[in-house]
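Trainee: One structure follows; several queries about it will come next.
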Amino acid sequence: MSNQLQLSFQGTANLYAIIRRHSDAWVWNQTLLSFESWNSENINDYDLPLSDSGGDLYQTAWPTGMASGRYRVLFYRMADSIPATDDLLLGTEDLDWNGSTATTVSNIELNDDALTSIESVKRHLRITDSDSDTLLAELINHVSNRIQLICDRTFRRQLHQQRFTHASSSQIILKHFPVRSVLRVSTGNIAAMTIQYSGSDLRASVAVSEDALLLRTLDQSGTLTTHELAFANYPTISMLIAVIDTLAGWTGSLSQDGPSNELHPMVGADAKSSMVWLNVPNYTDTAYQLDWPTGSLRLSQPFHTAPILVSYEAGYDIIPADLVQITNELVAQAYHLGKHDTNLKRESLGDHAITLSSAVSLNDDQLARLRPYMNLQLSGV
């Protein structure tokens, strides 16, 4: 159990560690060989002196008699000859202790859109310990992200909002599938709100992105000020107007309330010299036909000039076994290469160029298995 607690420190100093139990922050009393609630008078019983092992390494053994569990180790520099409550804290580390070995607790967690689990990858690699969990989580996140970029879609079930500038035929292809439900298929234009700037700045503009309303001004000194009003924070148009009216020089007027994220996107429009009108769809198509597994949606008619907005839920509750297996294979490939290199490498898939980590490459069999899950427009269907 020697040298389980280590700290890098340049120079000569009296260093020590204190161990707190993660669950309740109780501190280890080295004299009593038990945990207790912190008592400043007992600090001499809490410190674990670190020995200078040469170079910049200081270390000490894990205390005898401590049960397995998760602990927080705090490293201090002693100011005088004995520990004190105002000693300088050098750093902390969370460790899992199993009775014989201490391992660092990973701060890296799997993303919500991860396509496999650490347990699945470990079974694939025949790994039985947790020493590589941090690396595996990082690789899973990286590979999952790359696969979704290649397929130009996400896989976990979630809500989506997809816009089309027009539909020259009555058919459009939704990016994410299988489709679970359709909230609304809407088209057309109707005024929802107006915005104008009456302040003293030289320029003022309004823009609408996919997820925010952007108000920008440029003053006489050349300073650009941007107010980014995220739709997630202001989910209705009336809420947007309420906050706009609190901004110096800006005023808004409501024509029709509704979800703010239904505002049609627009590039910067001049709000200094004229009123800016922001529009939303005004017609709901209820006569559409949808192929739920593929996301192929046939509208009631072509819309040659009108923008189309589709709000829908799509994706998998359980990731298909093929996707899990491909992800496991690519994670294993990167793991065996012994590195996690984020530099990108280009591969060819027909006329479409895809990218993966230079530590990972898709073979023909994996590409063939991945193709059914690609965005239909991307895969050439």
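By order of appearance in the structure tokens: chains A, B, ..., then residues from 1 within every chain, and ligands from 1 in the order shown.
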Write down as an mmCIF file with C-alpha atoms, in the first residue's frame the residues belonging to segment 196-319 of chain A that are assigned strand (DSSP E) by DSSP computed on the backbone.

Mentor:
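Wrote selection24.cif, looks like this:
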data_model
loop_
_atom_site.group_PDB
_atom_site.id
_atom_site.type_symbol
_atom_site.label_atom_id
_atom_site.label_comp_id
_atom_site.auth_asym_id
_atom_site.auth_seq_id
_atom_site.Cartn_x
_atom_site.Cartn_y
_atom_site.Cartn_z
ATOM 1 C CA GLN A 196 -36.959 49.095 -33.941
ATOM 2 C CA TYR A 197 -33.974 50.950 -32.500
ATOM 3 C CA ARG A 203 -25.921 51.349 -36.591
ATOM 4 C CA ALA A 204 -28.487 48.853 -35.299
ATOM 5 C CA SER A 205 -29.494 45.502 -36.738
ATOM 6 C CA VAL A 206 -31.727 42.530 -35.993
ATOM 7 C CA ALA A 207 -30.986 38.918 -36.925
ATOM 8 C CA VAL A 208 -32.669 35.594 -36.184
ATOM 9 C CA ALA A 212 -31.593 33.067 -30.724
ATOM 10 C CA LEU A 213 -32.630 36.619 -31.575
ATOM 11 C CA LEU A 214 -29.596 38.882 -32.058
ATOM 12 C CA LEU A 215 -29.733 42.650 -31.519
ATOM 13 C CA ARG A 216 -26.548 44.522 -32.455
ATOM 14 C CA THR A 217 -25.506 48.167 -32.222
ATOM 15 C CA LEU A 218 -22.353 49.994 -33.311
ATOM 16 C CA LEU A 224 -20.065 46.616 -31.281
ATOM 17 C CA THR A 225 -22.632 45.530 -28.675
ATOM 18 C CA THR A 226 -24.616 42.316 -29.114
ATOM 19 C CA HIS A 227 -27.644 41.178 -27.138
ATOM 20 C CA GLU A 228 -28.207 37.460 -27.753
ATOM 21 C CA LEU A 229 -31.673 36.430 -26.589
ATOM 22 C CA ALA A 230 -31.732 32.634 -26.608
ATOM 23 C CA TRP A 250 -34.855 49.076 -28.357
ATOM 24 C CA THR A 251 -38.625 48.610 -28.587
ATOM 25 C CA GLY A 252 -40.714 45.648 -29.665
ATOM 26 C CA SER A 253 -44.348 45.220 -30.596
ATOM 27 C CA LEU A 254 -46.377 42.001 -30.618
ATOM 28 C CA MET A 266 -33.071 36.137 -41.158
ATOM 29 C CA VAL A 267 -29.742 37.873 -41.640
ATOM 30 C CA GLY A 268 -29.064 41.259 -40.106
ATOM 31 C CA ALA A 269 -31.794 43.766 -41.009
ATOM 32 C CA ASP A 270 -31.389 47.509 -40.440
ATOM 33 C CA VAL A 276 -38.009 45.260 -38.736
ATOM 34 C CA TRP A 277 -40.796 42.718 -39.181
ATOM 35 C CA LEU A 278 -40.257 39.162 -37.946
ATOM 36 C CA ASN A 279 -42.473 36.406 -39.313
ATOM 37 C CA VAL A 280 -43.685 32.945 -38.352
ATOM 38 C CA TYR A 283 -50.549 27.633 -42.214
ATOM 39 C CA THR A 284 -50.569 24.135 -40.728
ATOM 40 C CA GLN A 289 -48.237 11.540 -45.295
ATOM 41 C CA LEU A 290 -45.189 10.239 -43.449
ATOM 42 C CA ASP A 291 -43.078 7.118 -43.716
ATOM 43 C CA SER A 296 -39.842 10.628 -45.797
ATOM 44 C CA LEU A 297 -42.668 13.176 -45.586
ATOM 45 C CA ARG A 298 -45.104 13.922 -48.422
ATOM 46 C CA ILE A 308 -41.580 24.977 -44.294
ATOM 47 C CA LEU A 309 -41.078 24.172 -40.621
ATOM 48 C CA VAL A 310 -41.424 20.641 -39.234
ATOM 49 C CA SER A 311 -41.395 20.011 -35.489
ATOM 50 C CA TYR A 312 -41.077 16.339 -34.648
ATOM 51 C CA GLU A 313 -39.676 13.709 -32.290
ATOM 52 C CA ALA A 314 -37.308 11.099 -33.670
#

Trainee: Near segment 8-13 of chain A, within 9 Å and counting only C-alpha atoms, which residues show up once chain neighbours fewer than 3 positions away are dropped, as a list in words?

Mentor: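 That gives Asp52, Gly55, Asp56, Leu57, Tyr58, Gln59, Arg77, Met78, Ala79 and Leu90 of chain A.
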
Trainee: Smallest atom-to-atom distance to Ile118 of chain A: which of A:Ala332, A:Met374, A:Asp152, A:Phe177, using only C-alpha atoms?

Mentor: A:Ala332

Trainee: Could you name the residues that touch Trp26 of chain A at 7 Å or less, counting only C-alpha atoms, but leaving out those on the same chain fewer than 6 positions away, as a PDB file with N, CA and C atoms, in the first residue's frame?

Mentor:
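Saved to result_15.pdb:
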ATOM      1  N   ARG A  20     -10.733  13.159   3.370  1.00  0.00           N
ATOM      2  CA  ARG A  20     -12.134  13.276   3.779  1.00  0.00           C
ATOM      3  C   ARG A  20     -12.970  12.216   3.056  1.00  0.00           C
ATOM      4  N   PHE A  35     -12.994   7.747  11.005  1.00  0.00           N
ATOM      5  CA  PHE A  35     -13.447   9.050  10.523  1.00  0.00           C
ATOM      6  C   PHE A  35     -14.231   9.764  11.617  1.00  0.00           C
ATOM      7  N   GLU A  36     -14.158  11.091  11.589  1.00  0.00           N
ATOM      8  CA  GLU A  36     -14.903  11.886  12.546  1.00  0.00           C
ATOM      9  C   GLU A  36     -15.273  13.218  11.907  1.00  0.00           C
ATOM     10  N   SER A  37     -16.250  13.889  12.491  1.00  0.00           N
ATOM     11  CA  SER A  37     -16.590  15.233  12.053  1.00  0.00           C
ATOM     12  C   SER A  37     -15.418  16.156  12.349  1.00  0.00           C
ATOM     13  N   TRP A  38     -15.165  17.105  11.436  1.00  0.00           N
ATOM     14  CA  TRP A  38     -13.982  17.962  11.567  1.00  0.00           C
ATOM     15  C   TRP A  38     -13.960  18.697  12.906  1.00  0.00           C
TER      16      TRP A  38
END

Trainee: Interatomic distance between atom CA of Tyr316 of chain A and atom CA of Pro178 of chain A?

Mentor: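 Atom CA of Pro178 of chain A lies 7.2 Å from atom CA of Tyr316 of chain A.
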
Trainee: Per DSSP on the backbone, filter segment 44-179 of chain A down to the residues in alpha helix (DSSP H) and report them as a list of chain:residue names.

Mentor: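 Checking each residue of segment 44-179 of chain A, the alpha helix (DSSP H) ones are A:Ile118, A:Glu119, A:Ser120, A:Val121, A:Lys122, A:Arg123, A:His124, A:Leu125, A:Asp133, A:Thr134, A:Leu135, A:Leu136, A:Ala137, A:Glu138, A:Leu139, A:Ile140, A:Asn141, A:His142, A:Val143, A:Ser144, A:Asn145, A:Arg146, A:Ile147, A:Gln148, A:Leu149, A:Ile150, A:Cys151.
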
Trainee: Figure out the distance between atom CA of Ser273 of chain A and atom CA of Ser209 of chain A, please, to one decimal in Å.

Mentor: 21.8 Å

Trainee: Leaving out segment 132-140 of chain A and any residue of its chain fewer than 2 positions from it, which residues lie within 6 Å of it when counting only C-alpha atoms, given as a JSON list (two decimals) with C-alpha atoms, in the first residue's frame?

Mentor:
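And here's around.json as it stands now:
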[["chain", "number", "residue", "atom", "x", "y", "z"],
["A", 106, "SER", "CA", -12.84, 10.18, -13.65],
["A", 110, "LEU", "CA", -20.45, 9.81, -21.15],
["A", 130, "SER", "CA", -11.74, 0.17, -13.99],
["A", 142, "HIS", "CA", -15.31, 11.05, -29.50],
["A", 143, "VAL", "CA", -16.30, 8.09, -31.68],
["A", 144, "SER", "CA", -20.04, 8.63, -31.06],
["A", 331, "VAL", "CA", -13.28, 2.58, -29.67]]

Trainee: For Asp201 of chain A, find every residue with an atom within 10 Å (counting only C-alpha atoms), except residues of its own chain fewer than 6 positions away, and show them as an NGL selection string.

Mentor: :A and (217-224 or 249 or 272)

Trainee: Can you pull out every residue within 6 Å of Asp45 of chain A, counting only C-alpha atoms, but drop anything in the same chain fewer than 2 positions away, and send it as a VMD selection string?

Mentor: chain A and resid 29 to 31 42 to 43 47

Trainee: Take the residues just selected and output them with N, CA and C atoms as a PDB file, in the first residue's frame.

Mentor:
ATOM      1  N   ASN A  29      -9.015  10.396  11.043  1.00  0.00           N
ATOM      2  CA  ASN A  29      -8.177  10.636  12.208  1.00  0.00           C
ATOM      3  C   ASN A  29      -7.141   9.524  12.270  1.00  0.00           C
ATOM      4  N   GLN A  30      -5.888   9.882  12.015  1.00  0.00           N
ATOM      5  CA  GLN A  30      -4.821   8.903  11.920  1.00  0.00           C
ATOM      6  C   GLN A  30      -4.507   8.267  13.273  1.00  0.00           C
ATOM      7  N   THR A  31      -4.806   8.960  14.348  1.00  0.00           N
ATOM      8  CA  THR A  31      -4.553   8.413  15.685  1.00  0.00           C
ATOM      9  C   THR A  31      -5.623   7.403  16.074  1.00  0.00           C
ATOM     10  N   ASN A  42      -8.095  18.948  16.513  1.00  0.00           N
ATOM     11  CA  ASN A  42      -7.490  17.639  16.241  1.00  0.00           C
ATOM     12  C   ASN A  42      -6.696  17.611  14.941  1.00  0.00           C
ATOM     13  N   ILE A  43      -6.366  18.765  14.382  1.00  0.00           N
ATOM     14  CA  ILE A  43      -5.726  18.778  13.074  1.00  0.00           C
ATOM     15  C   ILE A  43      -4.397  18.030  13.076  1.00  0.00           C
ATOM     16  N   ASP A  47      -3.252  15.014   9.739  1.00  0.00           N
ATOM     17  CA  ASP A  47      -2.277  15.181   8.655  1.00  0.00           C
ATOM     18  C   ASP A  47      -1.501  13.900   8.386  1.00  0.00           C
TER      19      ASP A  47
END

Trainee: Need to verify the contact set: Ala321 of chain A, 12 Å, only C-alpha atoms, exclusion of same-chain residues closer than 4 positions in sequence. Can you return it as a list in words?

Mentor: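 Contacts, with the query itself left out: Leu115, Thr116, Ser120, Tyr316, Gln325, Ile326, Thr327, Asn328, Arg369, Leu370 and Tyr373 of chain A.
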
Trainee: Could you write out that same residue set with N, CA and C atoms as a PDB file, in the first residue's frame?

Mentor:
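Contents of part.pdb, freshly written:
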ATOM      1  N   LEU A 115     -23.175   6.355 -28.056  1.00  0.00           N
ATOM      2  CA  LEU A 115     -23.790   5.240 -28.772  1.00  0.00           C
ATOM      3  C   LEU A 115     -23.489   3.882 -28.150  1.00  0.00           C
ATOM      4  N   THR A 116     -22.732   3.870 -27.087  1.00  0.00           N
ATOM      5  CA  THR A 116     -22.469   2.629 -26.367  1.00  0.00           C
ATOM      6  C   THR A 116     -22.176   2.991 -24.918  1.00  0.00           C
ATOM      7  N   SER A 120     -20.178  -2.006 -22.059  1.00  0.00           N
ATOM      8  CA  SER A 120     -20.208  -2.737 -23.326  1.00  0.00           C
ATOM      9  C   SER A 120     -18.829  -2.769 -23.976  1.00  0.00           C
ATOM     10  N   TYR A 316     -33.966   6.740 -31.373  1.00  0.00           N
ATOM     11  CA  TYR A 316     -34.110   5.434 -30.741  1.00  0.00           C
ATOM     12  C   TYR A 316     -34.103   5.557 -29.219  1.00  0.00           C
ATOM     13  N   GLN A 325     -22.210  -2.031 -31.918  1.00  0.00           N
ATOM     14  CA  GLN A 325     -21.065  -2.856 -32.294  1.00  0.00           C
ATOM     15  C   GLN A 325     -20.024  -2.047 -33.062  1.00  0.00           C
ATOM     16  N   ILE A 326     -20.467  -1.217 -34.006  1.00  0.00           N
ATOM     17  CA  ILE A 326     -19.520  -0.388 -34.767  1.00  0.00           C
ATOM     18  C   ILE A 326     -18.786   0.565 -33.831  1.00  0.00           C
ATOM     19  N   THR A 327     -19.522   1.171 -32.907  1.00  0.00           N
ATOM     20  CA  THR A 327     -18.891   2.082 -31.950  1.00  0.00           C
ATOM     21  C   THR A 327     -17.871   1.342 -31.096  1.00  0.00           C
ATOM     22  N   ASN A 328     -18.234   0.159 -30.611  1.00  0.00           N
ATOM     23  CA  ASN A 328     -17.298  -0.639 -29.812  1.00  0.00           C
ATOM     24  C   ASN A 328     -16.036  -0.965 -30.604  1.00  0.00           C
ATOM     25  N   ARG A 369     -22.346  -1.383 -42.937  1.00  0.00           N
ATOM     26  CA  ARG A 369     -23.288  -1.540 -41.829  1.00  0.00           C
ATOM     27  C   ARG A 369     -23.824  -0.199 -41.348  1.00  0.00           C
ATOM     28  N   LEU A 370     -23.047   0.855 -41.553  1.00  0.00           N
ATOM     29  CA  LEU A 370     -23.450   2.181 -41.107  1.00  0.00           C
ATOM     30  C   LEU A 370     -24.402   2.866 -42.085  1.00  0.00           C
ATOM     31  N   TYR A 373     -28.169   3.764 -41.565  1.00  0.00           N
ATOM     32  CA  TYR A 373     -28.497   4.722 -40.516  1.00  0.00           C
ATOM     33  C   TYR A 373     -28.178   6.162 -40.915  1.00  0.00           C
TER      34      TYR A 373
END

Trainee: Which of these, A:Gln333, A:Asn145, A:Asn111, A:Thr85, has the shortest distance to Leu125 of chain A once you count only C-alpha atoms?

Mentor: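 Selected residue with least distance to Leu125 of chain A: A:Gln333.
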
Trainee: With distances taken over only C-alpha atoms, which of A:Phe155, A:Ser170, A:Ala84, A:Gln256 is nearest to Asn39 of chain A?

Mentor: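 Selected residue with least distance to Asn39 of chain A: A:Ala84.
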
Trainee: To one decimal place in Å, what is the distance between atom CA of Ser300 of chain A and atom CA of Asn375 of chain A?

Mentor: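 These two atoms are separated by 23.0 Å.
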
Trainee: Which residue is closest to Asp87 of chain A? Choose from A:Tyr71, A:Trp62, A:Trp292, A:Tyr16 and count only C-alpha atoms.

Mentor: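 Selected residue with least distance to Asp87 of chain A: A:Tyr16.
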